[in-house]
Each structure stands twice: as C-alpha cells, then as structure tokens.
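> You'll find query.cif just under this line, and it carries mmCIF, C-alpha atoms and all ligand atoms.
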```
data_structure
#
loop_
_atom_site.label_atom_id
_atom_site.label_comp_id
_atom_site.auth_asym_id
_atom_site.auth_seq_id
_atom_site.Cartn_x
_atom_site.Cartn_y
_atom_site.Cartn_z
CA MET Y 184 -153.97 107.21 59.37
CA LYS Y 185 -153.31 105.47 62.62
CA PHE Y 186 -150.09 105.80 64.54
CA SER Y 187 -148.86 104.48 67.79
CA ARG Y 188 -148.34 107.64 69.78
CA ALA Y 189 -146.70 105.89 72.67
CA GLY Y 190 -143.20 106.29 71.34
CA ILE Y 191 -143.20 110.03 70.87
CA ALA Y 192 -140.69 111.64 73.17
CA ALA Y 193 -141.87 114.54 75.23
CA GLY Y 194 -140.90 117.87 73.86
CA VAL Y 195 -140.43 116.70 70.31
CA PHE Y 196 -142.69 118.66 68.03
CA VAL Y 197 -143.81 116.57 65.10
CA VAL Y 198 -145.54 117.86 62.03
CA LEU Y 199 -145.81 116.20 58.69
CA CYS Y 200 -145.50 118.55 55.82
CA GLY Y 201 -145.49 118.30 52.10
CA ALA Y 202 -147.79 116.42 49.83
CA CYS Y 203 -148.62 113.60 52.20
CA GLY Y 204 -149.06 115.42 55.47
CA SER Y 205 -152.80 115.53 55.64
CA GLY Y 206 -154.32 113.57 52.85
CA GLY Y 207 -152.93 115.68 50.06
CA GLY Y 208 -152.42 119.36 49.79
CA ARG Y 209 -150.29 121.29 52.18
CA ASN Y 210 -150.13 121.94 55.85
CA VAL Y 211 -150.44 125.44 57.17
CA ARG Y 212 -149.80 125.68 60.87
CA ALA Y 213 -151.17 128.24 63.24
CA SER Y 214 -147.71 129.61 63.94
CA ASP Y 215 -147.19 130.16 60.23
CA THR Y 216 -150.36 132.15 60.03
CA ALA Y 217 -149.20 134.22 62.95
CA THR Y 218 -145.90 135.10 61.32
CA GLY Y 219 -147.39 135.40 57.88
CA ALA Y 220 -145.07 132.78 56.44
CA ALA Y 221 -146.70 130.13 54.32
CA HIS Y 222 -145.62 126.63 55.20
CA GLU Y 223 -145.17 125.21 51.77
CA HIS Y 224 -142.22 123.28 50.45
CA HIS Y 225 -141.44 121.36 47.35
CA ALA Y 226 -139.98 117.93 47.96
CA PRO Y 227 -136.86 118.00 45.75
CA HIS Y 228 -137.01 114.27 45.01
CA GLY Y 229 -140.78 114.00 44.70
CA GLY Y 230 -141.14 112.31 48.06
CA THR Y 231 -142.73 113.14 51.41
CA LEU Y 232 -141.33 115.88 53.63
CA VAL Y 233 -141.11 115.09 57.31
CA GLU Y 234 -140.49 118.12 59.47
CA LEU Y 235 -137.78 118.03 62.12
CA GLY Y 236 -138.22 120.49 64.93
CA GLU Y 237 -140.14 123.58 64.03
CA GLU Y 238 -138.98 124.04 60.48
CA ALA Y 239 -135.41 123.53 61.64
CA ALA Y 240 -134.79 120.79 59.11
CA HIS Y 241 -136.54 118.14 57.10
CA LEU Y 242 -136.16 114.55 56.10
CA GLU Y 243 -137.53 113.76 52.68
CA LEU Y 244 -138.69 110.16 52.39
CA VAL Y 245 -139.06 108.55 49.00
CA LEU Y 246 -140.89 105.25 48.76
CA ASP Y 247 -140.09 103.58 45.45
CA SER Y 248 -142.53 100.70 45.40
CA ALA Y 249 -141.31 99.48 42.02
CA ALA Y 250 -137.76 99.05 43.27
CA GLY Y 251 -138.84 98.14 46.80
CA SER Y 252 -136.74 100.81 48.45
CA LEU Y 253 -137.12 103.62 50.95
CA THR Y 254 -134.69 106.53 50.73
CA ALA Y 255 -134.21 109.40 53.16
CA TYR Y 256 -132.68 112.74 52.18
CA PRO Y 257 -131.82 115.13 55.04
CA LEU Y 258 -132.70 118.69 53.99
CA ASP Y 259 -132.44 122.15 55.48
CA GLY Y 260 -135.25 124.22 56.99
CA GLU Y 261 -136.42 125.37 53.60
CA ALA Y 262 -136.39 121.80 52.28
CA GLU Y 263 -134.20 123.01 49.44
CA GLN Y 264 -130.60 122.18 50.30
CA SER Y 265 -129.23 118.72 51.03
CA VAL Y 266 -127.62 118.38 54.41
CA ARG Y 267 -124.92 115.82 55.02
CA VAL Y 268 -125.44 113.80 58.17
CA ARG Y 269 -122.62 112.21 60.10
CA ALA Y 270 -124.01 108.73 60.60
CA ALA Y 271 -123.59 105.34 59.00
CA ARG Y 272 -127.30 104.64 59.28
CA ILE Y 273 -130.68 106.06 60.20
CA ASP Y 274 -132.78 103.59 62.16
CA ILE Y 275 -136.53 103.66 61.80
CA GLN Y 276 -139.55 101.64 62.88
CA LEU Y 277 -141.55 100.84 59.79
CA SER Y 278 -145.09 99.70 59.22
CA VAL Y 279 -146.07 98.55 55.75
CA ALA Y 280 -149.77 98.49 54.90
CA GLY Y 281 -150.73 99.04 58.53
CA GLU Y 282 -148.90 95.95 59.76
CA ARG Y 283 -146.83 95.65 62.91
CA LEU Y 284 -143.84 97.99 63.20
CA ARG Y 285 -140.48 96.48 62.37
CA PRO Y 286 -137.02 97.96 62.70
CA LEU Y 287 -135.30 98.98 59.50
CA ALA Y 288 -131.89 100.57 58.99
CA LEU Y 289 -131.45 103.06 56.19
CA MET Y 290 -127.78 102.88 55.28
CA ALA Y 291 -125.62 105.79 54.12
CA VAL Y 292 -125.23 105.80 50.36
CA ALA Y 293 -121.68 106.59 49.27
CA SER Y 294 -121.21 108.65 46.14
CA PRO Y 295 -117.86 109.65 44.66
CA LEU Y 296 -119.62 112.44 42.76
CA THR Y 297 -120.96 114.23 45.82
CA GLY Y 298 -118.32 113.16 48.31
CA ASP Y 299 -120.85 111.24 50.37
CA THR Y 300 -119.33 108.32 52.24
CA GLU Y 301 -120.63 105.35 54.20
CA GLN Y 302 -120.01 107.35 57.38
CA GLU Y 303 -121.30 110.75 56.33
CA SER Y 304 -123.94 111.17 53.66
CA ALA Y 305 -126.92 113.13 52.40
CA GLU Y 306 -128.72 109.98 51.28
CA TYR Y 307 -129.79 106.90 53.25
CA ARG Y 308 -131.51 103.89 51.78
CA ALA Y 309 -132.91 100.47 52.53
CA SER Y 310 -134.37 97.87 50.22
CA LEU Y 311 -137.00 95.47 51.46
CA GLU Y 312 -139.10 92.94 49.60
CA LEU Y 313 -142.13 94.09 51.58
CA LEU Y 314 -141.87 97.53 50.01
CA LYS Y 315 -142.51 96.22 46.52
CA GLY Y 316 -145.98 97.27 45.51
CA ALA Y 317 -146.59 99.09 48.80
CA ALA Y 318 -148.85 102.13 48.40
CA SER Y 319 -147.65 103.74 51.60
CA VAL Y 320 -145.61 103.19 54.74
CA SER Y 321 -145.69 104.78 58.15
CA GLY Y 322 -143.73 104.64 61.36
CA THR Y 323 -141.18 106.56 63.38
CA ILE Y 324 -137.60 107.68 62.86
CA ASP Y 325 -135.68 106.52 65.94
CA SER Y 326 -133.23 109.38 65.83
CA VAL Y 327 -131.44 111.56 63.37
CA ALA Y 328 -129.07 114.46 63.96
CA VAL Y 329 -129.08 117.26 61.43
CA ARG Y 330 -126.59 120.12 61.85
CA GLY Y 331 -125.82 119.03 65.36
CA VAL Y 332 -129.40 118.87 66.57
CA GLY Y 333 -130.88 115.48 67.40
CA TYR Y 334 -134.48 114.56 66.64
CA HIS Y 335 -136.09 111.49 68.15
CA ASP Y 336 -139.14 109.32 67.53
CA VAL Y 337 -140.36 111.42 64.65
CA VAL Y 338 -143.64 110.11 63.23
CA PHE Y 339 -144.04 109.85 59.49
CA THR Y 340 -146.36 108.65 56.78
CA CYS Y 341 -145.08 108.33 53.25
CA HIS Y 342 -146.96 107.43 50.10
CA ALA Y 343 -145.29 105.79 47.14
CA ARG Y 344 -143.82 108.23 44.69
CA PRO Y 345 -145.92 108.35 41.54
CA PRO Y 346 -144.24 106.62 38.61
CA GLY Y 347 -142.41 108.81 36.13
ZN ZN Y 401 -141.66 122.18 56.43
#
```
How does the structure come out when it is put into structure tokens?
Ligand SMILES: [Zn+2]


Amino acid sequence: MKFSRAGIAAGVFVVLCGACGSGGGRNVRASDTATGAAHEHHAPHGGTLVELGEEAAHLELVLDSAAGSLTAYPLDGEAEQSVRVRAARIDIQLSVAGERLRPLALMAVASPLTGDTEQESAEYRASLELLKGAASVSGTIDSVAVRGVGYHDVVFTCHARPPG
C-alpha cells in the first residue's frame, strides 16, 4: 500500500487495525505487548477499523462496492459501542484504485429509530459511482471529533466488504 505521508499532522498517532490493517490478520503493537493487552477488535459492521488516537476511539469504514457507497461508523475504544458524533459531515480525501486523492464528504445519516439526525449521528455515508466495483480505497480522514477529542489527517485503507 502506498500513501502520501505529507498530510499527516505531527503528533497524530495513526495505526490501522482490524482485518485490513496489514494485509489481513490483526495488528499487535509493541505497547500492547508491554501491557499484555491483545489488540484485537471485531468490526461490528464487517468493515475496516481505523484507530483514532491510541485506542481512544475507532472509525469503522465499510466499502460496499455493490452499492457504490462508503460508510463510516464512529466507535468507542473497544470498537464495540457506537458513538454519536456532533457533525453534519465527515470530510475525507479518497483514492480509489490508487488514483489521485479527491475530496469526499460522508454525510450524517438520520434515523428515527436510533435518534440520529443530520446534525448528530453515529453513521456517515457517501455514494460515488467510482466506488462501484472498487476492491479497496485509501486516503485520509480530514478531521473527526469523537467524545470531544479531535483527530486529524488519519490515514486509512479499506477493502470492500465481502458479499453476504
Ligand atoms: Zn483498535
């Protein structure tokens, strides 16, 4: 995987975790070994877990290449509980199939069932023709604030969710 590293803000610690972090399997970090805690999470929606901070929170990305959509679910540090984010959108820079980065806005999905609104939601989504049939996408999350902590220029790679 190739990323542009230029956009990574100083001081932001970026680690991919979950199924897609390092070519399959899981990521175990040195700090985890030191504390004895295994760094292993289950992506609740079958997507890719992107770590925010040092296990402070996660963003699960789900690439549905059949529908041509990319969905982000903010999650807690254990990647188990949904976390509602107070934002109308999450802006990202997206590269499809290794092509040039392009800006994309994932918009808050409102749901009467969960109480999510277009201003405050636990689910953000964008549809893009380019995503149809895409095996993977990569890029950076411009910024997202989870539980009052802001994370910037977070690098991610996400493979299409397997069908079924
Ligand atoms: Zn994690």

> Counting all atoms listed in the file, which residue out of Y:Gly230, Y:Pro257, Y:Pro286, Y:Gly281 sits closest to Y:Glu303?

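Using all atoms listed in the file, Y:Glu303 sits closest to Y:Pro257.
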
> Could you tell me how far atom CA of Y:Glu261 lies from atom CA of Y:Cys341, in Å and to one decimal?

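Answer for the atom CA of Y:Glu261 to atom CA of Y:Cys341 separation: 19.1 Å.
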
> Counting only C-alpha atoms, find residues at most 7 Å from (-132.3, 110.1, 46.4) (file frame) and give them as a PyMOL selection string.

chain Y and resi 228+254+256+306

> For atom CA of Y:Ser319 and atom CA of Y:Val332, quote the distance in Å rounded to one decimal.

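Atom-to-atom, atom CA of Y:Ser319 to atom CA of Y:Val332, that is 28.0 Å.
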
> Quick one: everything within 6 Å of stretch 308-312 of chain Y, counting all atoms listed in the file, minus sequence neighbours fewer than 6 positions away in the same chain. Send it as a list in words.

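The residues that qualify are Gly251, Ser252, Leu253, Thr254, Leu289 and Met290 of chain Y.
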
> So what do you get for atom CA of Y:Arg344 versus atom CA of Y:Ser278, distance-wise?

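Atom-to-atom, atom CA of Y:Arg344 to atom CA of Y:Ser278, that is 16.9 Å.
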
> Please check which residues have atoms at most 12 Å from (-122.0, 104.0, 54.3) in the file's coordinates, counting only C-alpha atoms, and write them as a VMD selection string.

chain Y and resid 268 to 273 288 to 295 298 to 309

> Compile the contact shell of stretch 241-247 of chain Y as a VMD selection string: residues with an atom at most 9 Å away, counting only C-alpha atoms, same-chain residues fewer than 5 positions apart removed.

chain Y and resid 226 to 236 252 to 262 314 to 320 329 339 to 346

> So, with only C-alpha atoms and all ligand atoms as the atoms that count, which of Y:Glu238, Y:Glu263, Y:Asp336, Y:Glu282 lies closest to ligand ZN 401 (chain Y)?

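Comparing Y:Glu238, Y:Glu263, Y:Asp336, Y:Glu282 against ligand ZN 401 (chain Y), the winner is Y:Glu238.
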
> Kindly indicate which residue among Y:Ala240, Y:Val337, Y:Leu313, Y:Ile324 lies nearest to ligand ZN 401 (chain Y), using only C-alpha atoms and all ligand atoms for the distances.

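When distances to ligand ZN 401 (chain Y) are compared using only C-alpha atoms and all ligand atoms, the smallest one comes from Y:Ala240.
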